[in-house]
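*Asks:* Just passing along the structure, written as C-alpha cells.
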Amino acid sequence: MQENGKYLYGIVGAVDGLDFGKIGIAEEEVYAIRYGDIAAVVSDHPLCKIQPLRQNLKPHHEVIKEVNKGYTIIPMTFGHIAKDTDDILQVLKNNFSIIFQELKRLENKVEMGLRIFWDVDNVFEYFLKKDRELENYRDRIFGKASKPTDDEKLELGMLFGQKVNEEREQHTNKVLKALRHCIVDVRINKPSDEKMMLNAAFLLERDKGKEYEEGVYRVANLFDGHFTFDYNGPWAPYNFIELRLRA
C-alpha cells in the first residue's frame, strides 16, 4: 500500500478545529497542522509526483479560494507534498518568523484582478484610424512603386508598438488615479496578448470590496465603446506574496 504524505495548499494564522470537509485533491479531507501561531492547510495524498491535470488543479485552487473566504492565507504553488506531519512542522518552524510577518502584512487583505481589452477586430487598424503619424508612415512605405524593405516594415512595427505602449501607459494612469483611494498596492502584469490594454492585480482591505467595485464602474465610464472590462476576485493575494520558504 502506497504511503500517504501531506499535500500543502497554503499557510494561515493559527486556528483551532479548521476543517473544510472533503474538498481537497481526490476529495480528501482538508485540515490544518498547527505550529504556534501559524498553521498549514493540508490534505492527505500519496507520496508520488502529482500531475498538473484539471482534476488536480481545480481542487487545489478551490481549497485556497474557500479558505480565503474566512482567513488570510499565503497560497502555495501547485504540487507541494511533504512526507508527513513532522516535515510540515519542520517547515513551519524553520520559517516561522517570516511567515508570521507576511501573514501580518497581508492580514484581512484580498486580491482583485482587473483586465481591460481593446474591443476591436484589429488593433493595428484601430490605431491607424486614430494616429496620423502611424497612418502616414504606413501609406508612405506601402504607397511607393517598390515593396517595403524589411527595415521599413520593422520600423512600422516599432512605431505601432510605441503607440500601443503610450496608450497603455496613459489609460493605466487613469485607472490608478481613479482607484487609488480604495487600494493598498498594485501589480501591473505583462499583457498576455495584443488586445489586452491592462492586466492588473490590486491589493485591498477585505471590507473595501464594494468600494472597489463602484470605483471600477466609475473608471469604465471614462472609456468609450472600444474597450471592455473584466474584473474578478476576491482572491488570495497571489501577486503580493513576498516570501521564500526554506525547505
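Starting from 1 in every chain, residues are counted up; chains themselves are A, B, ... following the order of the C-alpha cells, and ligands are numbered from 1 as listed.
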Would you pick out the contacts of stretch 74-80 of chain A at 10 Å or less, using only C-alpha atoms, so that residues sharing its chain but fewer than 4 positions from it are not included, and give the list as a PyMOL selection string?
*Replies:* chain A and resi 6-13+40-42+49-52+56-57+60-61+63-65+67-68+99+102-103+106+236-238+240-243
*Asks:* As a PyMOL selection string, please: every residue in stretch 139-211 of chain A that DSSP puts in alpha helix (DSSP H).
*Replies:* chain A and resi 139-142+150-179+209-211
*Asks:* What's around A:Gly17 at 12 Å? Count only C-alpha atoms, leave out sequence neighbours fewer than 3 positions away in its own chain, and write the answer as a ChimeraX atom specification.
*Replies:* /A:14,20-21,30-34,39,41
*Asks:* So that I can check the secondary structure, give me every residue of stretch 12-216 of chain A assigned strand (DSSP E) by backbone DSSP, as a ChimeraX atom specification.
*Replies:* /A:12-13,19-21,30-35,38-46,73-75,81-82,109-118,185-188,196-205
*Asks:* Per residue of stretch 45-134 of chain A within 9 Å of stretch 159-164 of chain A, record the nearest atom pair and its distance in Å to one decimal, counting only C-alpha atoms, with rows in chain order and ascending residue number, as a Markdown table.
*Replies:*
```
| residue | atom | partner | partner_atom | distance |
| --- | --- | --- | --- | --- |
| A:Val123 | CA | A:Val164 | CA | 8.9 |
| A:Phe124 | CA | A:Phe160 | CA | 7.3 |
| A:Phe127 | CA | A:Phe160 | CA | 7.8 |
| A:Leu128 | CA | A:Phe160 | CA | 8.7 |
| A:Asp131 | CA | A:Lys163 | CA | 8.3 |
| A:Glu133 | CA | A:Leu159 | CA | 8.9 |
| A:Leu134 | CA | A:Phe160 | CA | 6.8 |
```
*Asks:* Hey, which of A:Gln101, A:Pro148, A:Asp84, A:Ile23 ends up closest to A:Glu66? Count only C-alpha atoms.
*Replies:*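 Ranking A:Gln101, A:Pro148, A:Asp84, A:Ile23 by distance to A:Glu66, first place goes to A:Ile23.
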*Asks:* What lies within 8 Å of A:Tyr231 using only C-alpha atoms, ignoring chain neighbours under 6 positions off, as a ChimeraX atom specification?
*Replies:* /A:112-115
*Asks:* Please produce an output containing all heavy atoms for each residue in the selection, written as a PDB file, in the first residue's frame.
*Replies:*
```pdb
ATOM      1  N   MET A 112      -7.783  41.604  -6.002  1.00  0.00           N
ATOM      2  CA  MET A 112      -8.791  41.741  -7.057  1.00  0.00           C
ATOM      3  C   MET A 112      -8.066  41.928  -8.387  1.00  0.00           C
ATOM      4  O   MET A 112      -7.045  42.632  -8.460  1.00  0.00           O
ATOM      5  CB  MET A 112      -9.701  42.943  -6.803  1.00  0.00           C
ATOM      6  CG  MET A 112     -10.482  42.880  -5.507  1.00  0.00           C
ATOM      7  SD  MET A 112     -11.731  41.577  -5.466  1.00  0.00           S
ATOM      8  CE  MET A 112     -12.925  42.228  -6.644  1.00  0.00           C
ATOM      9  N   GLY A 113      -8.573  41.288  -9.413  1.00  0.00           N
ATOM     10  CA  GLY A 113      -7.967  41.404 -10.736  1.00  0.00           C
ATOM     11  C   GLY A 113      -8.774  42.325 -11.630  1.00  0.00           C
ATOM     12  O   GLY A 113     -10.001  42.400 -11.526  1.00  0.00           O
ATOM     13  N   LEU A 114      -8.091  43.041 -12.505  1.00  0.00           N
ATOM     14  CA  LEU A 114      -8.757  43.902 -13.489  1.00  0.00           C
ATOM     15  C   LEU A 114      -8.010  43.809 -14.807  1.00  0.00           C
ATOM     16  O   LEU A 114      -6.810  44.074 -14.879  1.00  0.00           O
ATOM     17  CB  LEU A 114      -8.790  45.351 -13.016  1.00  0.00           C
ATOM     18  CG  LEU A 114      -9.402  46.366 -14.005  1.00  0.00           C
ATOM     19  CD1 LEU A 114     -10.868  46.027 -14.281  1.00  0.00           C
ATOM     20  CD2 LEU A 114      -9.266  47.790 -13.473  1.00  0.00           C
ATOM     21  N   ARG A 115      -8.741  43.399 -15.837  1.00  0.00           N
ATOM     22  CA  ARG A 115      -8.177  43.362 -17.186  1.00  0.00           C
ATOM     23  C   ARG A 115      -9.046  44.235 -18.094  1.00  0.00           C
ATOM     24  O   ARG A 115     -10.272  44.192 -18.027  1.00  0.00           O
ATOM     25  CB  ARG A 115      -8.129  41.935 -17.718  1.00  0.00           C
ATOM     26  CG  ARG A 115      -7.297  40.991 -16.859  1.00  0.00           C
ATOM     27  CD  ARG A 115      -7.153  39.624 -17.511  1.00  0.00           C
ATOM     28  NE  ARG A 115      -8.456  38.998 -17.733  1.00  0.00           N
ATOM     29  CZ  ARG A 115      -8.646  37.880 -18.432  1.00  0.00           C
ATOM     30  NH1 ARG A 115      -7.616  37.274 -18.984  1.00  0.00           N
ATOM     31  NH2 ARG A 115      -9.854  37.381 -18.575  1.00  0.00           N
TER      32      ARG A 115
END
```
*Asks:* Got a sec: who's within 8 Å of A:Glu111, counting only C-alpha atoms, leaving out chain neighbours fewer than 4 positions off, as a PyMOL selection string?
*Replies:* chain A and resi 201-204+233-239
*Asks:* Find the distance between atom CA of A:Gln55 and atom CA of A:Ile25 and write it in Å to one decimal.
*Replies:* 7.7 Å
*Asks:* Which of these residues is nearest to A:Ser97, using only C-alpha atoms: A:Arg140, A:Glu211, A:Ile38, A:Tyr217?
*Replies:*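 The closest residue to A:Ser97 is A:Ile38.
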*Asks:* So that I can check the surroundings of A:Ala82, please list as a compact mmCIF listing (two decimals) with all heavy atoms, in the first residue's frame every protein, DNA and RNA residue that reaches within 10 Å of it, counting only C-alpha atoms and ignoring chain neighbours fewer than 6 positions away.
*Replies:*
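New file around.txt:
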```txt
# COMPACT_ATOMS: atom_id res chain seq x y z
N ASN A 4 1.01 7.62 2.48
CA ASN A 4 0.44 8.95 2.30
C ASN A 4 1.35 10.03 2.86
O ASN A 4 1.97 9.87 3.92
CB ASN A 4 -0.92 9.05 3.00
CG ASN A 4 -2.06 8.73 2.07
OD1 ASN A 4 -1.88 8.64 0.85
ND2 ASN A 4 -3.25 8.53 2.62
N GLY A 5 1.43 11.14 2.14
CA GLY A 5 2.10 12.34 2.62
C GLY A 5 1.07 13.42 2.88
O GLY A 5 -0.13 13.15 3.01
N LYS A 6 1.55 14.67 2.97
CA LYS A 6 0.67 15.82 3.24
C LYS A 6 0.79 16.82 2.10
O LYS A 6 1.86 17.38 1.86
CB LYS A 6 1.06 16.50 4.56
CG LYS A 6 1.10 15.56 5.77
CD LYS A 6 -0.26 14.95 6.08
CE LYS A 6 -0.17 14.02 7.28
NZ LYS A 6 -1.46 13.33 7.54
N TYR A 7 -0.31 16.99 1.38
CA TYR A 7 -0.34 17.97 0.29
C TYR A 7 -0.60 19.36 0.88
O TYR A 7 -1.56 19.55 1.62
CB TYR A 7 -1.42 17.62 -0.74
CG TYR A 7 -1.39 18.56 -1.93
CD1 TYR A 7 -0.63 18.26 -3.05
CD2 TYR A 7 -2.06 19.78 -1.89
CE1 TYR A 7 -0.56 19.14 -4.12
CE2 TYR A 7 -1.99 20.66 -2.95
CZ TYR A 7 -1.24 20.34 -4.06
OH TYR A 7 -1.16 21.22 -5.11
N LEU A 8 0.26 20.33 0.53
CA LEU A 8 0.20 21.66 1.12
C LEU A 8 -0.48 22.67 0.19
O LEU A 8 -0.02 22.89 -0.93
CB LEU A 8 1.62 22.13 1.46
CG LEU A 8 1.79 23.51 2.08
CD1 LEU A 8 1.04 23.61 3.40
CD2 LEU A 8 3.27 23.81 2.30
N VAL A 42 -3.69 21.47 4.73
CA VAL A 42 -3.22 20.27 4.02
C VAL A 42 -4.36 19.28 3.79
O VAL A 42 -5.45 19.41 4.36
CB VAL A 42 -2.09 19.56 4.81
CG1 VAL A 42 -0.94 20.52 5.10
CG2 VAL A 42 -2.63 18.97 6.12
N ASP A 44 -4.38 14.71 2.93
CA ASP A 44 -3.54 13.54 2.70
C ASP A 44 -3.43 13.26 1.20
O ASP A 44 -4.40 13.46 0.43
CB ASP A 44 -4.14 12.32 3.39
CG ASP A 44 -4.09 12.44 4.91
OD1 ASP A 44 -3.30 13.27 5.41
OD2 ASP A 44 -4.86 11.73 5.58
N HIS A 45 -2.23 12.82 0.78
CA HIS A 45 -2.02 12.49 -0.63
C HIS A 45 -0.86 11.51 -0.73
O HIS A 45 0.12 11.63 0.00
CB HIS A 45 -1.70 13.75 -1.44
CG HIS A 45 -1.77 13.52 -2.92
ND1 HIS A 45 -0.73 12.95 -3.63
CD2 HIS A 45 -2.75 13.78 -3.83
CE1 HIS A 45 -1.08 12.87 -4.91
NE2 HIS A 45 -2.29 13.37 -5.05
N PRO A 46 -0.96 10.52 -1.61
CA PRO A 46 0.15 9.56 -1.77
C PRO A 46 1.47 10.27 -2.08
O PRO A 46 1.49 11.31 -2.74
CB PRO A 46 -0.30 8.70 -2.95
CG PRO A 46 -1.79 8.79 -2.93
CD PRO A 46 -2.10 10.18 -2.47
N LEU A 47 2.56 9.72 -1.60
CA LEU A 47 3.89 10.27 -1.84
C LEU A 47 4.34 9.92 -3.26
O LEU A 47 5.07 8.96 -3.50
CB LEU A 47 4.88 9.74 -0.82
CG LEU A 47 4.79 10.35 0.58
CD1 LEU A 47 5.69 9.60 1.54
CD2 LEU A 47 5.15 11.82 0.54
N ILE A 88 6.03 18.89 7.76
CA ILE A 88 5.27 20.15 7.70
C ILE A 88 5.63 21.02 8.89
O ILE A 88 5.89 22.23 8.76
CB ILE A 88 3.75 19.87 7.70
CG1 ILE A 88 3.32 19.22 6.36
CG2 ILE A 88 2.97 21.15 7.93
CD1 ILE A 88 3.31 20.14 5.18
N LEU A 89 5.66 20.42 10.08
CA LEU A 89 6.00 21.19 11.29
C LEU A 89 7.42 21.76 11.21
O LEU A 89 7.67 22.87 11.67
CB LEU A 89 5.86 20.29 12.52
CG LEU A 89 4.43 19.91 12.90
CD1 LEU A 89 4.44 18.86 14.02
CD2 LEU A 89 3.64 21.14 13.35
N VAL A 91 9.02 22.67 8.45
CA VAL A 91 8.96 23.83 7.54
C VAL A 91 8.39 25.05 8.26
O VAL A 91 8.92 26.16 8.14
CB VAL A 91 8.11 23.50 6.29
CG1 VAL A 91 7.85 24.78 5.48
CG2 VAL A 91 8.81 22.47 5.43
N ALA A 247 13.20 24.89 2.84
CA ALA A 247 12.61 23.55 2.90
C ALA A 247 12.87 22.94 4.28
O ALA A 247 13.90 23.19 4.89
CB ALA A 247 13.21 22.68 1.82
```
*Asks:* Between atom CA of A:Lys58 and atom CA of A:Glu194, what is the spacing in Å?
*Replies:*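 That distance, rounded to one decimal, is 28.0 Å.
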